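Below: protein-v4.cif (mmCIF, C-alpha atoms and all ligand atoms; chains and numbers go by the auth columns)
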data_run
#
loop_
_atom_site.group_PDB
_atom_site.id
_atom_site.type_symbol
_atom_site.label_atom_id
_atom_site.label_comp_id
_atom_site.label_asym_id
_atom_site.label_seq_id
_atom_site.Cartn_x
_atom_site.Cartn_y
_atom_site.Cartn_z
_atom_site.B_iso_or_equiv
_atom_site.auth_seq_id
_atom_site.auth_asym_id
ATOM 1 C CA MET A 1 8.741 24.151 37.749 0.00 23 A
ATOM 2 C CA GLY A 2 9.811 20.548 37.141 0.00 24 A
ATOM 3 C CA GLU A 3 9.301 20.117 33.418 0.00 25 A
ATOM 4 C CA GLY A 4 9.191 23.685 32.128 0.00 26 A
ATOM 5 C CA LYS A 5 5.783 23.121 30.546 0.00 27 A
ATOM 6 C CA VAL A 6 3.621 26.221 29.978 0.00 28 A
ATOM 7 C CA PHE A 7 -0.159 25.964 29.862 0.00 29 A
ATOM 8 C CA PRO A 8 -3.199 28.114 30.713 0.00 30 A
ATOM 9 C CA ASN A 9 -4.916 27.651 34.055 0.00 31 A
ATOM 10 C CA ASN A 10 -8.112 29.607 34.594 0.00 32 A
ATOM 11 C CA GLU A 11 -9.127 27.878 37.828 0.00 33 A
ATOM 12 C CA VAL A 12 -10.664 30.386 40.227 0.00 34 A
ATOM 13 C CA PRO A 13 -10.245 29.714 43.033 0.00 35 A
ATOM 14 C CA LEU A 14 -7.343 27.276 42.769 0.00 36 A
ATOM 15 C CA LYS A 15 -8.236 23.812 44.061 0.00 37 A
ATOM 16 C CA GLU A 16 -4.830 23.436 45.708 0.00 38 A
ATOM 17 C CA ILE A 17 -2.427 26.084 47.026 0.00 39 A
ATOM 18 C CA PRO A 18 0.307 26.070 45.922 0.00 40 A
ATOM 19 C CA PRO A 19 -0.928 24.486 42.691 0.00 41 A
ATOM 20 C CA ARG A 20 0.880 21.386 41.424 0.00 42 A
ATOM 21 C CA CYS A 21 1.539 19.808 38.028 0.00 43 A
ATOM 22 C CA GLU A 22 0.292 16.305 37.221 0.00 44 A
ATOM 23 C CA CYS A 23 3.898 15.154 37.840 0.00 45 A
ATOM 24 C CA GLY A 24 3.781 16.563 41.372 0.00 46 A
ATOM 25 C CA ALA A 25 6.123 19.530 40.826 0.00 47 A
ATOM 26 C CA LEU A 26 5.018 22.984 41.983 0.00 48 A
ATOM 27 C CA LEU A 27 3.424 25.236 39.348 0.00 49 A
ATOM 28 C CA ARG A 28 4.369 28.896 39.025 0.00 50 A
ATOM 29 C CA PRO A 29 2.879 31.734 36.985 0.00 51 A
ATOM 30 C CA ASP A 30 4.446 32.243 33.547 0.00 52 A
ATOM 31 C CA VAL A 31 5.811 35.688 34.440 0.00 53 A
ATOM 32 C CA VAL A 32 9.247 37.180 35.022 0.00 54 A
ATOM 33 C CA TRP A 33 9.830 37.732 38.710 0.00 55 A
ATOM 34 C CA PHE A 34 12.250 40.213 40.237 0.00 56 A
ATOM 35 C CA GLY A 35 15.814 38.984 39.774 0.00 57 A
ATOM 36 C CA GLU A 36 14.944 36.751 36.801 0.00 58 A
ATOM 37 C CA SER A 37 16.031 37.514 33.230 0.00 59 A
ATOM 38 C CA LEU A 38 13.835 38.156 30.219 0.00 60 A
ATOM 39 C CA SER A 39 14.528 35.871 27.271 0.00 61 A
ATOM 40 C CA GLU A 40 16.478 37.360 24.360 0.00 62 A
ATOM 41 C CA LYS A 41 13.519 36.700 22.066 0.00 63 A
ATOM 42 C CA ASP A 42 11.057 38.435 24.404 0.00 64 A
ATOM 43 C CA LEU A 43 13.413 41.419 24.667 0.00 65 A
ATOM 44 C CA ALA A 44 13.848 41.619 20.892 0.00 66 A
ATOM 45 C CA ASP A 45 10.072 41.338 20.346 0.00 67 A
ATOM 46 C CA SER A 46 9.503 44.029 22.997 0.00 68 A
ATOM 47 C CA HIS A 47 11.967 46.433 21.381 0.00 69 A
ATOM 48 C CA MET A 48 10.284 45.973 17.996 0.00 70 A
ATOM 49 C CA ALA A 49 6.848 46.664 19.515 0.00 71 A
ATOM 50 C CA LEU A 50 8.182 49.670 21.450 0.00 72 A
ATOM 51 C CA ARG A 51 9.642 51.243 18.310 0.00 73 A
ATOM 52 C CA GLU A 52 6.318 50.852 16.487 0.00 74 A
ATOM 53 C CA CYS A 53 3.756 51.670 19.190 0.00 75 A
ATOM 54 C CA GLU A 54 1.730 54.894 19.170 0.00 76 A
ATOM 55 C CA CYS A 55 0.984 54.950 22.896 0.00 77 A
ATOM 56 C CA LEU A 56 2.731 53.249 25.812 0.00 78 A
ATOM 57 C CA MET A 57 1.104 52.988 29.231 0.00 79 A
ATOM 58 C CA VAL A 58 3.622 52.550 32.044 0.00 80 A
ATOM 59 C CA VAL A 59 1.585 51.300 34.989 0.00 81 A
ATOM 60 C CA GLY A 60 2.490 50.594 38.584 0.00 82 A
ATOM 61 C CA THR A 61 6.264 50.623 38.340 0.00 83 A
ATOM 62 C CA SER A 62 9.138 52.534 39.902 0.00 84 A
ATOM 63 C CA ALA A 63 10.614 52.700 36.371 0.00 85 A
ATOM 64 C CA VAL A 64 14.099 52.010 37.692 0.00 86 A
ATOM 65 C CA VAL A 65 14.628 48.262 37.115 0.00 87 A
ATOM 66 C CA GLN A 66 16.459 47.477 33.858 0.00 88 A
ATOM 67 C CA PRO A 67 16.008 46.445 31.153 0.00 89 A
ATOM 68 C CA VAL A 68 12.320 47.408 31.310 0.00 90 A
ATOM 69 C CA ALA A 69 13.113 50.847 32.766 0.00 91 A
ATOM 70 C CA SER A 70 14.446 51.832 29.329 0.00 92 A
ATOM 71 C CA PHE A 71 11.220 50.836 27.523 0.00 93 A
ATOM 72 C CA PRO A 72 9.503 54.249 27.845 0.00 94 A
ATOM 73 C CA ALA A 73 12.503 56.040 26.310 0.00 95 A
ATOM 74 C CA ILE A 74 12.670 53.550 23.438 0.00 96 A
ATOM 75 C CA ALA A 75 8.963 54.063 22.717 0.00 97 A
ATOM 76 C CA ARG A 76 9.341 57.836 23.011 0.00 98 A
ATOM 77 C CA ASN A 77 12.220 57.825 20.525 0.00 99 A
ATOM 78 C CA GLY A 78 9.881 56.010 18.125 0.00 100 A
ATOM 79 C CA GLY A 79 7.305 58.772 18.521 0.00 101 A
ATOM 80 C CA ALA A 80 4.946 57.134 21.030 0.00 102 A
ATOM 81 C CA PHE A 81 2.779 59.072 23.470 0.00 103 A
ATOM 82 C CA ILE A 82 3.796 57.945 26.965 0.00 104 A
ATOM 83 C CA VAL A 83 1.326 57.733 29.856 0.00 105 A
ATOM 84 C CA GLU A 84 2.569 56.873 33.320 0.00 106 A
ATOM 85 C CA ILE A 85 0.272 55.763 36.141 0.00 107 A
ATOM 86 C CA ASN A 86 1.872 55.270 39.536 0.00 108 A
ATOM 87 C CA VAL A 87 1.235 56.063 43.190 0.00 109 A
ATOM 88 C CA GLU A 88 4.302 58.295 43.354 0.00 110 A
ATOM 89 C CA PRO A 89 6.545 60.193 40.922 0.00 111 A
ATOM 90 C CA THR A 90 9.335 58.227 39.222 0.00 112 A
ATOM 91 C CA PRO A 91 12.486 59.207 37.302 0.00 113 A
ATOM 92 C CA ILE A 92 10.420 59.344 34.063 0.00 114 A
ATOM 93 C CA SER A 93 7.596 61.492 35.463 0.00 115 A
ATOM 94 C CA GLY A 94 9.272 64.701 34.317 0.00 116 A
ATOM 95 C CA TRP A 95 9.395 63.846 30.617 0.00 117 A
ATOM 96 C CA VAL A 96 6.430 61.548 29.904 0.00 118 A
ATOM 97 C CA ASP A 97 3.449 63.048 28.068 0.00 119 A
ATOM 98 C CA GLU A 98 1.035 62.362 30.958 0.00 120 A
ATOM 99 C CA SER A 99 1.890 61.359 34.510 0.00 121 A
ATOM 100 C CA ILE A 100 -1.133 60.371 36.582 0.00 122 A
ATOM 101 C CA LEU A 101 -0.522 59.914 40.295 0.00 123 A
ATOM 102 C CA GLY A 102 -2.753 57.361 41.986 0.00 124 A
ATOM 103 C CA LYS A 103 -3.620 53.716 42.294 0.00 125 A
ATOM 104 C CA SER A 104 -3.774 51.933 38.944 0.00 126 A
ATOM 105 C CA GLY A 105 -6.683 49.858 40.251 0.00 127 A
ATOM 106 C CA GLU A 106 -8.711 53.045 40.536 0.00 128 A
ATOM 107 C CA ILE A 107 -7.367 55.046 37.586 0.00 129 A
ATOM 108 C CA LEU A 108 -7.462 52.359 34.878 0.00 130 A
ATOM 109 C CA PRO A 109 -11.199 51.658 35.355 0.00 131 A
ATOM 110 C CA GLN A 110 -11.850 55.429 35.152 0.00 132 A
ATOM 111 C CA LEU A 111 -9.853 55.666 31.915 0.00 133 A
ATOM 112 C CA LEU A 112 -11.719 52.690 30.467 0.00 134 A
ATOM 113 C CA GLU A 113 -15.065 54.222 31.451 0.00 135 A
ATOM 114 C CA SER A 114 -14.157 57.534 29.811 0.00 136 A
ATOM 115 C CA VAL A 115 -13.308 55.908 26.458 0.00 137 A
ATOM 116 C CA GLU A 116 -16.385 53.641 26.382 0.00 138 A
HETATM 117 ZN ZN ZN B . 5.043 18.419 35.642 0.00 201 A
#
So, in terms of structure tokens, how does the structure I just supplied come out?
Amino acid sequence: MGEGKVFPNNEVPLKEIPPRCECGALLRPDVVWFGESLSEKDLADSHMALRECECLMVVGTSAVVQPVASFPAIARNGGAFIVEINVEPTPISGWVDESILGKSGEILPQLLESVE
């Protein structure tokens, strides 16, 4: 968080919690947390991928937080098959191609097993 460096860390378990950089600053995961903004480049890359994808899996989300909440519709407009997996119905449940209610941690392994 001090220098803005990004690097992989596959330490399991972490030696120190919270983990720290060599410079002493706290380390954070390279993800976008609630309330943070996506970069313009990441958004543009995402929109390109959404318009070209054949199948989009929407997993473990309320599907209401923008800008990502619009991703399923963008993919659908490009012709993608949309699969939603969530513990409860969301605003997109009524129009996606498949809406599977349940815990993603249980359903995803079952899906993987069925295609293997
Ligand atoms: Zn550092």
Check your understanding: In Å, how far is it from CA of Glu138 (chain A) to CA of Val109 (chain A)?
Key ->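 Distance between the two atoms: 24.5 Å.
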Check your understanding: So which residues get picked by the PyMOL selection byres (((chain A and resi 122) around 9) and not hetatm) here, written as a ChimeraX atom specification?
Key -> /A:105-111,115,120-121,123-124,129
Practice item. Produce as a ChimeraX atom specification the set of residues near ligand ZN 201 (chain A), where near means within 9 Å with only C-alpha atoms and all ligand atoms considered. Key: /A:23-27,42-49
Exercise for review: Given the file shown, determine the residues that the PyMOL selection byres (((chain A and resi 76) around 6) and not hetatm) selects; report them as an MDAnalysis selection string.
Suggested key: chainID A and resid 75 77 102
Point to revise | Residues matched by the PyMOL selection byres (((chain A and resi 52) around 12) and not hetatm) as JSON, numbers by chain | key: {"A": [23, 26, 27, 28, 29, 30, 31, 49, 50, 51, 53, 54, 55, 58, 60]}
Check your understanding: For Met70 (chain A), which of A:Ala97, A:Gly127, A:Lys37, A:Gln132 is the closest residue, counting only C-alpha atoms?
Key ->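 Result for the nearest residue to Met70 (chain A): A:Ala97.
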Review point. At what distance in Å, to one decimal, does CA of Arg98 (chain A) lie from CA of Val118 (chain A)?
Key: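 Straight-line distance from CA of Val118 (chain A) to CA of Arg98 (chain A) works out to 8.4 Å.
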Can you tell me, as AutoDock Vina command-line options, the centre and edge lengths (Å, one decimal) of the axis-aligned box enclosing all of region 93-104 of chain A's listed atoms after padding each side by 3 Å?
--center_x 7.7 --center_y 55.0 --center_z 23.0 --size_x 15.9 --size_y 14.2 --size_z 15.7
**Study point:** CA of Ala91 (chain A) to CA of Pro113 (chain A), distance in Å rounded to a single decimal
**Key:** 9.5 Å
Point to revise | Shortest interatomic distance to Ser84 (chain A) - which of A:Ser61, A:Thr112, A:Pro40, A:Leu72, counting all atoms listed in the file | key: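 Of A:Ser61, A:Thr112, A:Pro40, A:Leu72, the one nearest Ser84 (chain A), counting all atoms listed in the file, is A:Thr112.
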